Amino acid sequence: MTKYHPDTRFISDFAAGSLPMSQALCVSAHLHYCNECKQKVVQLTDLGSTFFDKITPMSLNSDFSSLMDRIDSLPKEMDDDSNVDIALTSNVSPSSLPSALNKITNNSLDSLNWRKIGKYFSYSEFNIGDPLRKTSLFNIKAGGNVPKHVHEGDEITVVLKGSFSDQDDHYQAGDFIVRTSGEVHTPVAAQDEDCLCLSTLDAPIKMTNWFYRLLLPFVRRTAQTA
Amino acid sequence: MLQLMQQKEPSNSKDPARWNGLLLAVAKDKDRAAFQHLFEHFAPLIKSYAFKVTELSKAEILAEELAQETMIKVWMKAHTFLPDKSSAGTWIFTIARNTRIDLIRKYSKQWEASNNEFDESTLTADDIWPDQNDDVYKQIETSHIKKKILESINELPLEQIAVIKIIFLEGLTHSEAASQLKLPLGTIKSRVRLALQKLKLSIDV
Ligand SMILES: [Zn+2]
């Protein structure tokens with residue numbers, strides 16, 4: 001059972017479409033496992049569309065016939081993507097990873113470029129066009145742990161397969177875990193199964209704010225071991 | 001269907017069933033007249049929705065493009081619309097939302113700087129934000145939710161409506177809304193939560 005859910009803030013920013021891509025990917029991964037949150041997204045989308053219905057219209061510069069000209073000039077197969085839909089749904093098994101991750105991994109985790117740190121931990125970073133955050137899949141071998149580290153930025157982790165524990169709790173598939181800057185933790189995978197997670201971390205930002213600089217030297221020195 | 005289309009706006013423009021009927025006519029018969037009614041009603045709403053993203057310098061161009069691109073998608077994807085799972089208005093709104101996400105990304109400096117091509121392997125909004133074809137829509141009837149929202153929306157205090165509008169229409173995150181309104185993040189969070197409670201949406205707080 002999924003125990004950790006994105007809070008109302010994440011869910012509503014997600015439904016509104018403003019959540020940064022990498023964090024939205026994490027929320028959508030959670031939704032793959034959690035119907036409860038899916039329903040919230042549906043309700044909030046309805047809320048958004050209620051306001052959309054009441055928006056003050058703004059007239060267009062171009063008219064209907066120029067839109068139809070554009071549509072008529074599209075390649076024929078683009079005019080009807082029903083074939084594509086069928087192809088997409090038929091090769092996705094229900095037990096698989098969230099669909100966005102299947103696209104990222106090209107349906108094969110092995111095709112990714114994995115980097116190993118220590119005996120148990122490996123990760124693969126990918127670029128989804130969000131330069132402010134580092135987004136990656138990571139894997140902890142059964143019974144293994146992640147090297148101890150301190151976070152410099154906020155991090156979201158979603159468990160995709162297997163489970164892990166840290167000093168606070170035990171986390172299972174679907175759990176959406178938020179760690180804020182400065183928290184120390186040492187995740188350990190369950191004994192019987194590898195643990196695969198998706199994570200996105202606020203990329204280290206140059207701290208220009210003097211207050212932050214005062215606050216952070218300890219964190220900076222110990223970070224980046226993972 | 002004919003009857004529906006002969007009705008002139010605005011007499012029935014707020015009737016969701018009418019939009020559903022028109023959209024289904026586009027789906028079944030590629031009915032251009034039906035599509036024109038949808039275009040005339042929704043395209044100006046979409047343009048306005050896009051225009052609300054104020055930080056973009058090319059707001060006017062982007063808004064026009066969003067309205068057109070969204071309507072093109074409505075035409076092409078009409079056959080995937082399922083009236084028992086969603087209403088035409090909500091369905092078109094989600095298409096506009098997803099198209100806006102991708103357009104903003106395309107136009108953003110960050111994207112330009114990242115030197116990435118927008119191609120088939122690029123993760124798009126549709127990969128992440130579900131449309132109504134998702135299973136969950138079988139379990140709830142969204143028309144009921146909308147009715148509930150409409151019934152109680154006028155009871156919301158103005159400050160809560162303002163925050164909800166900023167978040168759902170202007171595309172600001174909670175933290176961006178906080179800095180725009182010069183309010184603590186906690187205040188934004190609690191206004192959203194109070195609004196959702198009042199609207200009796202089953203969101204735990
Ligand atoms: Zn959940």
# chains A, B, ... in the order shown; residues from 1 in each chain; ligands from 1
$ closest_atom_pairs --of "chain B" --to "chain A" --cutoff "6 Å" --atoms "only C-alpha atoms" --output "CSV"
residue,atom,partner,partner_atom,distance
B:Pro44,CA,A:Met58,CA,4.7
B:Leu45,CA,A:Pro57,CA,4.6
B:Ser48,CA,A:Met58,CA,5.2
B:Met76,CA,A:Asp79,CA,5.5
B:Thr90,CA,A:Ser49,CA,5.4
B:Phe93,CA,A:Ser49,CA,5.8
B:Asp127,CA,A:Ala100,CA,5.2
B:Ile128,CA,A:Ser28,CA,5.8
B:Phe168,CA,A:Ala16,CA,4.8
B:Gly171,CA,A:Ser18,CA,5.1
B:Leu172,CA,A:Ser18,CA,5.9
B:Thr173,CA,A:Asp13,CA,5.6
$ residues_around --residues "A:His170" --least-positions-apart "4" --cutoff "10 Å" --atoms "only C-alpha atoms" --output "list in words"
Lys3, Ser163, Phe164, Ser165, Asp166, Asp175, Pro187, Val188, Ala189 and Ala190 of chain A
$ write_last_selection --atoms "N, CA, C and O atoms" --output "compact mmCIF listing (two decimals), in the first residue's frame"
# COMPACT_ATOMS: atom_id res chain seq x y z
N LYS A 3 1.84 4.75 1.00
CA LYS A 3 1.59 5.45 2.26
C LYS A 3 1.90 6.94 2.14
O LYS A 3 1.29 7.76 2.79
N SER A 163 11.53 -2.10 -2.31
CA SER A 163 11.27 -1.20 -1.18
C SER A 163 12.58 -0.86 -0.50
O SER A 163 13.58 -1.54 -0.66
N PHE A 164 12.58 0.23 0.23
CA PHE A 164 13.76 0.57 1.03
C PHE A 164 13.35 1.16 2.36
O PHE A 164 12.19 1.54 2.56
N SER A 165 14.29 1.21 3.27
CA SER A 165 14.03 1.79 4.59
C SER A 165 15.08 2.84 4.87
O SER A 165 16.20 2.77 4.36
N ASP A 166 14.73 3.81 5.71
CA ASP A 166 15.75 4.67 6.28
C ASP A 166 15.45 4.80 7.78
O ASP A 166 14.66 4.01 8.31
N ASP A 175 5.34 5.07 -3.18
CA ASP A 175 5.56 6.10 -2.16
C ASP A 175 6.30 7.31 -2.74
O ASP A 175 7.29 7.17 -3.47
N PRO A 187 19.34 5.37 2.96
CA PRO A 187 18.38 4.35 2.55
C PRO A 187 19.03 2.98 2.40
O PRO A 187 20.16 2.87 1.91
N VAL A 188 18.32 1.96 2.83
CA VAL A 188 18.77 0.57 2.69
C VAL A 188 17.66 -0.21 2.00
O VAL A 188 16.50 -0.17 2.42
N ALA A 189 18.02 -0.92 0.93
CA ALA A 189 17.02 -1.72 0.21
C ALA A 189 16.63 -2.94 1.03
O ALA A 189 17.41 -3.42 1.86
N ALA A 190 15.43 -3.45 0.80
CA ALA A 190 15.00 -4.67 1.47
C ALA A 190 15.92 -5.82 1.10
O ALA A 190 16.56 -5.80 0.05
$ atom_distance --atom1 "atom CA of A:Lys119" --atom2 "atom CA of A:Val146"
9.5 Å
$ atom_distance --atom1 "atom CA of A:Glu155" --atom2 "atom CA of A:Ser124"
15.8 Å
$ select_by_dssp --residues "stretch 24-191 of chain A" --states "strand (DSSP E or B)" --output "JSON, numbers by chain"
{"A": [115, 116, 117, 121, 122, 123, 124, 125, 126, 133, 134, 135, 136, 137, 138, 139, 140, 145, 149, 150, 155, 156, 157, 158, 159, 160, 161, 163, 164, 165, 170, 171, 172, 176, 177, 178, 179, 184, 185, 188, 189]}
$ residues_around --residues "stretch 33-35 of chain B" --least-positions-apart "2" --cutoff "8 Å" --atoms "only C-alpha atoms" --output "CSV table (one decimal) with C-alpha atoms, in the first residue's frame"
chain,number,residue,atom,x,y,z
B,5,MET,CA,-26.4,23.3,-34.6
B,22,LEU,CA,-20.8,19.1,-31.4
B,23,LEU,CA,-17.6,17.4,-30.4
B,25,ALA,CA,-20.2,15.2,-34.6
B,26,VAL,CA,-16.6,16.2,-35.3
B,31,ASP,CA,-18.3,17.7,-39.3
B,37,HIS,CA,-19.1,26.3,-33.4
B,38,LEU,CA,-16.6,24.8,-31.1
B,39,PHE,CA,-13.9,27.0,-32.5
B,75,TRP,CA,-9.9,18.2,-34.5
$ residues_around --residues "B:Leu103" --least-positions-apart "3" --cutoff "8 Å" --atoms "only C-alpha atoms" --output "list of chain:residue names"
B:Leu62, B:Leu66, B:Thr99, B:Arg100, B:Lys106, B:Tyr107
$ closest_residue --among "A:Glu193, A:Asp69, A:Pro147, A:Phe176" --to "A:Gly118" --atoms "only C-alpha atoms"
A:Pro147
$ atom_distance --atom1 "atom CA of A:Ser108" --atom2 "atom CA of A:Phe126"
14.0 Å
$ residues_around --residues "B:Ala178" --least-positions-apart "5" --cutoff "10 Å" --atoms "only C-alpha atoms" --output "ChimeraX atom specification"
/B:163,172-173,183-189
$ write_last_selection --atoms "N, CA and C atoms" --output "compact mmCIF listing (two decimals), in the first residue's frame"
# COMPACT_ATOMS: atom_id res chain seq x y z
N VAL B 163 -6.62 33.27 -5.41
CA VAL B 163 -5.50 32.32 -5.40
C VAL B 163 -5.77 31.15 -6.33
N LEU B 172 0.77 29.72 -12.37
CA LEU B 172 1.83 29.92 -11.38
C LEU B 172 1.78 28.78 -10.37
N THR B 173 2.95 28.37 -9.91
CA THR B 173 2.98 27.38 -8.84
C THR B 173 2.64 28.07 -7.53
N LEU B 183 2.87 37.11 -0.26
CA LEU B 183 2.31 36.43 0.90
C LEU B 183 3.18 35.22 1.22
N PRO B 184 3.17 34.78 2.47
CA PRO B 184 3.93 33.56 2.79
C PRO B 184 3.33 32.35 2.07
N LEU B 185 4.19 31.41 1.73
CA LEU B 185 3.74 30.19 1.06
C LEU B 185 2.63 29.50 1.85
N GLY B 186 2.78 29.50 3.17
CA GLY B 186 1.78 28.86 4.02
C GLY B 186 0.38 29.44 3.84
N THR B 187 0.31 30.75 3.61
CA THR B 187 -0.98 31.40 3.40
C THR B 187 -1.61 30.93 2.09
N ILE B 188 -0.80 30.82 1.05
CA ILE B 188 -1.30 30.33 -0.24
C ILE B 188 -1.84 28.92 -0.07
N LYS B 189 -1.02 28.09 0.59
CA LYS B 189 -1.43 26.70 0.81
C LYS B 189 -2.77 26.63 1.54
$ closest_residue --among "A:Ala142, A:Ile117, A:Leu112, A:Ala173" --to "ligand 1" --atoms "only C-alpha atoms and all ligand atoms"
A:Ala173
$ residues_around --residues "B:Ile149" --least-positions-apart "2" --cutoff "9 Å" --atoms "only C-alpha atoms" --output "mmCIF file with N, CA and C atoms, in the first residue's frame"
data_model
loop_
_atom_site.group_PDB
_atom_site.id
_atom_site.type_symbol
_atom_site.label_atom_id
_atom_site.label_comp_id
_atom_site.auth_asym_id
_atom_site.auth_seq_id
_atom_site.Cartn_x
_atom_site.Cartn_y
_atom_site.Cartn_z
ATOM 1 N N ASP A 46 -11.164 19.454 -13.052
ATOM 2 C CA ASP A 46 -12.519 19.976 -13.226
ATOM 3 C C ASP A 46 -12.649 21.379 -12.643
ATOM 4 N N LEU A 47 -11.989 21.573 -11.516
ATOM 5 C CA LEU A 47 -12.020 22.909 -10.918
ATOM 6 C C LEU A 47 -11.382 23.920 -11.872
ATOM 7 N N THR A 50 -13.614 24.707 -14.727
ATOM 8 C CA THR A 50 -14.737 25.563 -14.339
ATOM 9 C C THR A 50 -14.347 27.033 -14.457
ATOM 10 N N HIS B 144 -20.752 15.294 -12.048
ATOM 11 C CA HIS B 144 -21.189 15.539 -10.675
ATOM 12 C C HIS B 144 -20.247 16.482 -9.950
ATOM 13 N N ILE B 145 -18.969 16.266 -10.182
ATOM 14 C CA ILE B 145 -17.982 17.113 -9.522
ATOM 15 C C ILE B 145 -18.179 18.554 -9.975
ATOM 16 N N LYS B 146 -18.332 18.727 -11.268
ATOM 17 C CA LYS B 146 -18.488 20.081 -11.796
ATOM 18 C C LYS B 146 -19.728 20.755 -11.229
ATOM 19 N N LYS B 147 -20.779 19.977 -11.096
ATOM 20 C CA LYS B 147 -22.018 20.537 -10.548
ATOM 21 C C LYS B 147 -21.785 21.013 -9.121
ATOM 22 N N GLU B 151 -22.076 24.812 -7.712
ATOM 23 C CA GLU B 151 -23.034 25.140 -6.666
ATOM 24 C C GLU B 151 -22.419 25.978 -5.560
ATOM 25 N N SER B 152 -21.159 25.685 -5.246
ATOM 26 C CA SER B 152 -20.617 26.355 -4.067
ATOM 27 C C SER B 152 -19.539 27.391 -4.370
ATOM 28 N N ILE B 153 -19.248 27.593 -5.641
ATOM 29 C CA ILE B 153 -18.134 28.476 -5.976
ATOM 30 C C ILE B 153 -18.406 29.922 -5.550
ATOM 31 N N LEU B 199 -15.516 23.703 -1.424
ATOM 32 C CA LEU B 199 -16.086 23.137 -2.644
ATOM 33 C C LEU B 199 -16.439 21.670 -2.461
ATOM 34 N N LYS B 200 -16.138 21.171 -1.262
ATOM 35 C CA LYS B 200 -16.421 19.781 -0.895
ATOM 36 C C LYS B 200 -15.787 18.792 -1.858
ATOM 37 N N LEU B 201 -14.638 19.133 -2.363
ATOM 38 C CA LEU B 201 -13.894 18.154 -3.140
ATOM 39 C C LEU B 201 -13.237 17.234 -2.126
#
